[in-house]
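Step one of this worksheet: look at the structure below.
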Amino acid sequence: MTEASTTTRSALLRYVLAATLARTADGGAVVAIVLLVTTSGDPGWLAGALGACITAPHLLGPFVARSLDTARDGRRVIALASVVHGAALAAAVLLHPVAHAIVPAVLLIASGLLGPLLTGGISSRLPAIAGPSRTSQRRAQGWDVATYGIGGTVGPSVVAAVSAWSSPLTAALVLAAGTSIAAAFVMLLPPAPPAADARDVPRPARTLAVMLSTGPLRRTLYLTMIVAFSVAALPITAVASTGLLGTDAAAAGILTAAYGSGNLAGSVGVMVRPLEGNADRLMTRLAVVVALTLVAVVLAPSFVLATAAYAAAGIANAYFFAATLAARNEFAPPEMRGQVFVWTGALKITAGSAGTALAGTIMGPAVQLPLALAIALTTAAALVSTTERSWARSIR
């Protein structure tokens, strides 16, 4: 093993630790807030409102992400965001019992506003440390997918475990401490010079306009959003469909765990055998695969087959997500790469939240209606992406 490859592996390990800690805190924060508020005897509407205060501001993340592309050292931006995110979360939960609700609400908004820098922002650092070849980049993206999966799974699990052992307040403080440790690992990553002069870095609105007018980035954006919207229906469907599958409601946890396990297995698959080919076309093909796995979930006649279908959906989504990371990296102009990562990540989170909300709203007696809509939307998006790519080739 060469010295260069050893250095790359060491940097990648530090990246995985930083990303996992940061995303665990980001993924578990809303659960900690809701538990803290409800166990303190406050009304459910307040728990929901304060939870929304930390999730809704993710949509505004791109408006603070320009600093990633203008800073002399982007590590400092992410590290500072991690520390402030954790400090604001800790202050909010500590002040909740003694201050008016508006005080923790403002602090949680500040924390949520920085959340995208802990997700898409950290991902924007990966290309500089993963190695120069496309294969090494895409293998590293498998690690990145894994950190998202671990964060989304471990975060709520940590909150549940610590809350049972001690209290939701302690759980929230543990998450906040994790972001400070993440900041330290971020600062241990190799420095990367800015890709362009700060004067050449566009404003957030201009970045979004460029993304919408550039074919591969536009397809990355809408495919990412629609697939996120679609798979967000799976946890809701898992709970509602247990009766149809002849099991009790508690078995929904097995279905969602199968999906999470499949997601992690898919990320390992990308690490072992990185994706090959054009990332733009890969996204379209993998979106179709995601739609097919959702069809399998709808048609599964038994709990065992449904569990397998949920696992397959997790695997397919992991591969699709890795393809979107590759597309962001390979098609984003260097002077706006950080903003492209954060824009896509923020809109993905927003789409996922909308998918969950809509699934719960339209479920009613038609248990499979949300997934039927998800299948239709994902298939339509794949067809649109194929059509517009063919049209673009024909006019060249």
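Residues are referred to by chain and number: the chain letter is A, B, ... according to the order shown in the structure tokens, the number counts from 1 in that chain, and ligands are numbered separately from 1 in the order shown.
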
Please identify every residue of segment 168-256 of chain A that has at least one atom no farther than 7 Å from an atom of segment 306-327 of chain A, counting only C-alpha atoms, and for each give the shortest atom pair and the distance in Å to one decimal, arranged by chain then increasing number, as a tab-separated table.
residue	atom	partner	partner_atom	distance
A:Thr220	CA	A:Thr324	CA	6.0
A:Thr224	CA	A:Thr324	CA	6.9
A:Leu255	CA	A:Thr307	CA	5.3

Selection export as a tab-separated table (two decimals), in the first residue's frame, atoms kept: N, CA, C and O atoms:
chain	number	residue	atom	x	y	z
A	220	THR	N	-30.81	15.65	-11.56
A	220	THR	CA	-30.39	15.25	-10.21
A	220	THR	C	-31.35	15.80	-9.18
A	220	THR	O	-31.76	15.09	-8.24
A	224	THR	N	-33.96	13.30	-7.27
A	224	THR	CA	-33.68	13.18	-5.84
A	224	THR	C	-34.91	13.51	-5.02
A	224	THR	O	-35.27	12.79	-4.07
A	255	LEU	N	-40.49	-4.20	9.52
A	255	LEU	CA	-40.47	-3.75	8.12
A	255	LEU	C	-39.56	-2.54	7.95
A	255	LEU	O	-38.75	-2.49	7.00

When you look at Ala101 of chain A with a cut-off of 10 Å (counting only C-alpha atoms), what residues show up, excluding the ones that are within fewer than 5 positions of it in the same chain? I need them as a ChimeraX atom specification.
/A:46,49-50,92,95-96,106

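Minimum distance to Val93 of chain A across A:Ala287, A:Ala47, A:Leu12, A:Leu36 (counting only C-alpha atoms) occurs at A:Leu36.
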
Segment 70-168 of chain A residues near segment 329-351 of chain A within 8 Å, closest pair each, using only C-alpha atoms, as a Markdown table:
| residue | atom | partner | partner_atom | distance |
| --- | --- | --- | --- | --- |
| A:Pro116 | CA | A:Val342 | CA | 6.0 |
| A:Leu117 | CA | A:Val342 | CA | 6.9 |
| A:Thr119 | CA | A:Gly345 | CA | 7.1 |
| A:Gly120 | CA | A:Val342 | CA | 4.5 |
| A:Gly121 | CA | A:Val342 | CA | 5.7 |
| A:Ser123 | CA | A:Phe341 | CA | 7.1 |
| A:Ser124 | CA | A:Gly338 | CA | 5.3 |
| A:Pro127 | CA | A:Asn329 | CA | 7.1 |

Hey, can you spit out that residue selection with N, CA and C atoms as a short mmCIF file (atom, residue, chain, number, x, y, z; two decimals), in the first residue's frame?
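Writing the result to part21.cif gives the following:
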data_model
loop_
_atom_site.label_atom_id
_atom_site.label_comp_id
_atom_site.auth_asym_id
_atom_site.auth_seq_id
_atom_site.Cartn_x
_atom_site.Cartn_y
_atom_site.Cartn_z
N PRO A 116 -28.35 21.62 7.23
CA PRO A 116 -27.85 21.22 5.91
C PRO A 116 -26.33 21.25 5.77
N LEU A 117 -25.66 22.07 6.58
CA LEU A 117 -24.20 22.08 6.52
C LEU A 117 -23.63 20.81 7.15
N THR A 119 -25.13 17.91 6.69
CA THR A 119 -25.50 16.83 5.76
C THR A 119 -24.83 17.09 4.41
N GLY A 120 -25.47 17.89 3.57
CA GLY A 120 -24.88 18.16 2.26
C GLY A 120 -23.56 18.89 2.33
N GLY A 121 -23.41 19.75 3.34
CA GLY A 121 -22.16 20.50 3.47
C GLY A 121 -20.97 19.60 3.69
N SER A 123 -20.80 16.46 2.88
CA SER A 123 -20.62 15.68 1.65
C SER A 123 -19.79 16.43 0.62
N SER A 124 -19.89 17.74 0.61
CA SER A 124 -19.14 18.53 -0.38
C SER A 124 -17.64 18.47 -0.13
N PRO A 127 -15.18 14.87 -2.13
CA PRO A 127 -14.39 14.75 -3.36
C PRO A 127 -12.92 15.10 -3.20
#

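Counting from atom CA of Leu107 of chain A, the distance to atom CA of Ala228 of chain A is 27.5 Å.
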
Residue neighbourhood Gly246 of chain A, 12 Å, only C-alpha atoms, exclusion window fewer than 6 positions, as a PDB file with all heavy atoms, in the first residue's frame:
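Produced file part_31.pdb, reproduced below:
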ATOM      1  N   ALA A 240     -49.583   0.883   8.617  1.00  0.00           N
ATOM      2  CA  ALA A 240     -50.970   0.682   8.190  1.00  0.00           C
ATOM      3  C   ALA A 240     -51.216  -0.686   7.553  1.00  0.00           C
ATOM      4  O   ALA A 240     -52.352  -1.169   7.552  1.00  0.00           O
ATOM      5  CB  ALA A 240     -51.360   1.781   7.206  1.00  0.00           C
ATOM      6  N   ALA A 252     -44.563  -3.551  12.348  1.00  0.00           N
ATOM      7  CA  ALA A 252     -44.132  -2.485  11.445  1.00  0.00           C
ATOM      8  C   ALA A 252     -42.668  -2.127  11.694  1.00  0.00           C
ATOM      9  O   ALA A 252     -41.949  -1.731  10.772  1.00  0.00           O
ATOM     10  CB  ALA A 252     -45.016  -1.252  11.635  1.00  0.00           C
ATOM     11  N   PRO A 301     -47.646 -10.668  -0.781  1.00  0.00           N
ATOM     12  CA  PRO A 301     -48.834 -11.322  -0.210  1.00  0.00           C
ATOM     13  C   PRO A 301     -48.652 -11.785   1.234  1.00  0.00           C
ATOM     14  O   PRO A 301     -49.609 -12.200   1.872  1.00  0.00           O
ATOM     15  CB  PRO A 301     -49.019 -12.535  -1.130  1.00  0.00           C
ATOM     16  CG  PRO A 301     -47.626 -12.876  -1.561  1.00  0.00           C
ATOM     17  CD  PRO A 301     -46.876 -11.574  -1.642  1.00  0.00           C
ATOM     18  N   SER A 302     -47.428 -11.728   1.733  1.00  0.00           N
ATOM     19  CA  SER A 302     -47.185 -12.221   3.090  1.00  0.00           C
ATOM     20  C   SER A 302     -46.192 -11.306   3.786  1.00  0.00           C
ATOM     21  O   SER A 302     -45.483 -10.507   3.161  1.00  0.00           O
ATOM     22  CB  SER A 302     -46.621 -13.650   3.052  1.00  0.00           C
ATOM     23  OG  SER A 302     -45.317 -13.654   2.485  1.00  0.00           O
ATOM     24  N   PHE A 303     -46.116 -11.450   5.109  1.00  0.00           N
ATOM     25  CA  PHE A 303     -45.216 -10.609   5.889  1.00  0.00           C
ATOM     26  C   PHE A 303     -43.755 -10.881   5.529  1.00  0.00           C
ATOM     27  O   PHE A 303     -42.947  -9.957   5.440  1.00  0.00           O
ATOM     28  CB  PHE A 303     -45.440 -10.840   7.385  1.00  0.00           C
ATOM     29  CG  PHE A 303     -44.573  -9.990   8.253  1.00  0.00           C
ATOM     30  CD1 PHE A 303     -44.835  -8.645   8.425  1.00  0.00           C
ATOM     31  CD2 PHE A 303     -43.477 -10.552   8.906  1.00  0.00           C
ATOM     32  CE1 PHE A 303     -44.013  -7.854   9.221  1.00  0.00           C
ATOM     33  CE2 PHE A 303     -42.658  -9.770   9.700  1.00  0.00           C
ATOM     34  CZ  PHE A 303     -42.930  -8.423   9.864  1.00  0.00           C
ATOM     35  N   VAL A 304     -43.422 -12.131   5.307  1.00  0.00           N
ATOM     36  CA  VAL A 304     -42.032 -12.480   4.965  1.00  0.00           C
ATOM     37  C   VAL A 304     -41.624 -11.830   3.652  1.00  0.00           C
ATOM     38  O   VAL A 304     -40.541 -11.225   3.544  1.00  0.00           O
ATOM     39  CB  VAL A 304     -41.866 -14.012   4.881  1.00  0.00           C
ATOM     40  CG1 VAL A 304     -40.491 -14.374   4.324  1.00  0.00           C
ATOM     41  CG2 VAL A 304     -42.059 -14.641   6.261  1.00  0.00           C
ATOM     42  N   ALA A 306     -43.056  -9.256   2.276  1.00  0.00           N
ATOM     43  CA  ALA A 306     -43.063  -7.808   2.466  1.00  0.00           C
ATOM     44  C   ALA A 306     -41.752  -7.346   3.101  1.00  0.00           C
ATOM     45  O   ALA A 306     -41.194  -6.304   2.720  1.00  0.00           O
ATOM     46  CB  ALA A 306     -44.245  -7.397   3.337  1.00  0.00           C
TER      47      ALA A 306
END

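Counting from atom CA of Thr247 of chain A, the distance to atom CA of Val288 of chain A is 29.7 Å.
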
Cut-off 12 Å: closest segment 178-297 of chain A/segment 51-63 of chain A atom pairs per residue, using only C-alpha atoms, as a Markdown table:
| residue | atom | partner | partner_atom | distance |
| --- | --- | --- | --- | --- |
| A:Pro202 | CA | A:Phe63 | CA | 11.3 |
| A:Arg203 | CA | A:Phe63 | CA | 8.2 |
| A:Pro204 | CA | A:Phe63 | CA | 5.7 |
| A:Ala205 | CA | A:Phe63 | CA | 8.4 |
| A:Arg206 | CA | A:Phe63 | CA | 11.1 |
| A:Thr207 | CA | A:Pro62 | CA | 9.4 |
| A:Leu208 | CA | A:Pro62 | CA | 9.2 |

Dump as a PDB file, in the first residue's frame, selection limited to all heavy atoms:
ATOM      1  N   PRO A 202     -21.422  32.310  -7.219  1.00  0.00           N
ATOM      2  CA  PRO A 202     -22.743  32.915  -7.359  1.00  0.00           C
ATOM      3  C   PRO A 202     -23.530  32.923  -6.058  1.00  0.00           C
ATOM      4  O   PRO A 202     -23.247  32.156  -5.138  1.00  0.00           O
ATOM      5  CB  PRO A 202     -23.431  32.026  -8.407  1.00  0.00           C
ATOM      6  CG  PRO A 202     -22.762  30.700  -8.257  1.00  0.00           C
ATOM      7  CD  PRO A 202     -21.336  31.004  -7.890  1.00  0.00           C
ATOM      8  N   ARG A 203     -24.543  33.783  -6.024  1.00  0.00           N
ATOM      9  CA  ARG A 203     -25.467  33.825  -4.893  1.00  0.00           C
ATOM     10  C   ARG A 203     -26.378  32.593  -4.941  1.00  0.00           C
ATOM     11  O   ARG A 203     -26.501  31.929  -5.971  1.00  0.00           O
ATOM     12  CB  ARG A 203     -26.304  35.098  -4.948  1.00  0.00           C
ATOM     13  CG  ARG A 203     -25.477  36.375  -4.869  1.00  0.00           C
ATOM     14  CD  ARG A 203     -24.925  36.586  -3.483  1.00  0.00           C
ATOM     15  NE  ARG A 203     -24.067  37.764  -3.407  1.00  0.00           N
ATOM     16  CZ  ARG A 203     -23.439  38.166  -2.305  1.00  0.00           C
ATOM     17  NH1 ARG A 203     -23.569  37.452  -1.195  1.00  0.00           N
ATOM     18  NH2 ARG A 203     -22.678  39.242  -2.316  1.00  0.00           N
ATOM     19  N   PRO A 204     -27.033  32.274  -3.816  1.00  0.00           N
ATOM     20  CA  PRO A 204     -27.871  31.066  -3.773  1.00  0.00           C
ATOM     21  C   PRO A 204     -28.928  31.001  -4.867  1.00  0.00           C
ATOM     22  O   PRO A 204     -29.133  29.944  -5.489  1.00  0.00           O
ATOM     23  CB  PRO A 204     -28.506  31.137  -2.388  1.00  0.00           C
ATOM     24  CG  PRO A 204     -27.532  31.887  -1.561  1.00  0.00           C
ATOM     25  CD  PRO A 204     -26.921  32.899  -2.484  1.00  0.00           C
ATOM     26  N   ALA A 205     -29.624  32.105  -5.117  1.00  0.00           N
ATOM     27  CA  ALA A 205     -30.677  32.087  -6.136  1.00  0.00           C
ATOM     28  C   ALA A 205     -30.084  31.814  -7.513  1.00  0.00           C
ATOM     29  O   ALA A 205     -30.667  31.076  -8.324  1.00  0.00           O
ATOM     30  CB  ALA A 205     -31.445  33.402  -6.136  1.00  0.00           C
ATOM     31  N   ARG A 206     -28.932  32.408  -7.782  1.00  0.00           N
ATOM     32  CA  ARG A 206     -28.266  32.181  -9.068  1.00  0.00           C
ATOM     33  C   ARG A 206     -27.811  30.734  -9.185  1.00  0.00           C
ATOM     34  O   ARG A 206     -27.923  30.111 -10.250  1.00  0.00           O
ATOM     35  CB  ARG A 206     -27.070  33.132  -9.194  1.00  0.00           C
ATOM     36  CG  ARG A 206     -26.195  32.900 -10.424  1.00  0.00           C
ATOM     37  CD  ARG A 206     -26.954  33.035 -11.711  1.00  0.00           C
ATOM     38  NE  ARG A 206     -26.118  32.752 -12.873  1.00  0.00           N
ATOM     39  CZ  ARG A 206     -26.582  32.460 -14.072  1.00  0.00           C
ATOM     40  NH1 ARG A 206     -27.902  32.408 -14.276  1.00  0.00           N
ATOM     41  NH2 ARG A 206     -25.772  32.218 -15.081  1.00  0.00           N
ATOM     42  N   THR A 207     -27.329  30.150  -8.083  1.00  0.00           N
ATOM     43  CA  THR A 207     -26.926  28.745  -8.098  1.00  0.00           C
ATOM     44  C   THR A 207     -28.103  27.854  -8.448  1.00  0.00           C
ATOM     45  O   THR A 207     -27.993  26.940  -9.275  1.00  0.00           O
ATOM     46  CB  THR A 207     -26.355  28.342  -6.728  1.00  0.00           C
ATOM     47  OG1 THR A 207     -25.200  29.132  -6.442  1.00  0.00           O
ATOM     48  CG2 THR A 207     -25.977  26.868  -6.710  1.00  0.00           C
ATOM     49  N   LEU A 208     -29.249  28.110  -7.823  1.00  0.00           N
ATOM     50  CA  LEU A 208     -30.434  27.306  -8.122  1.00  0.00           C
ATOM     51  C   LEU A 208     -30.844  27.473  -9.581  1.00  0.00           C
ATOM     52  O   LEU A 208     -31.231  26.496 -10.244  1.00  0.00           O
ATOM     53  CB  LEU A 208     -31.590  27.708  -7.210  1.00  0.00           C
ATOM     54  CG  LEU A 208     -32.890  26.931  -7.393  1.00  0.00           C
ATOM     55  CD1 LEU A 208     -32.673  25.435  -7.151  1.00  0.00           C
ATOM     56  CD2 LEU A 208     -33.977  27.454  -6.458  1.00  0.00           C
TER      57      LEU A 208
END

Would you work out the distance separating atom CA of Gln137 of chain A from atom CA of Leu189 of chain A, expressed in Å to one decimal?
16.0 Å

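Nearest residue to Gly215 of chain A among A:Ser230, A:Thr135, A:Ser390, A:Thr179 is A:Ser390, counting only C-alpha atoms.
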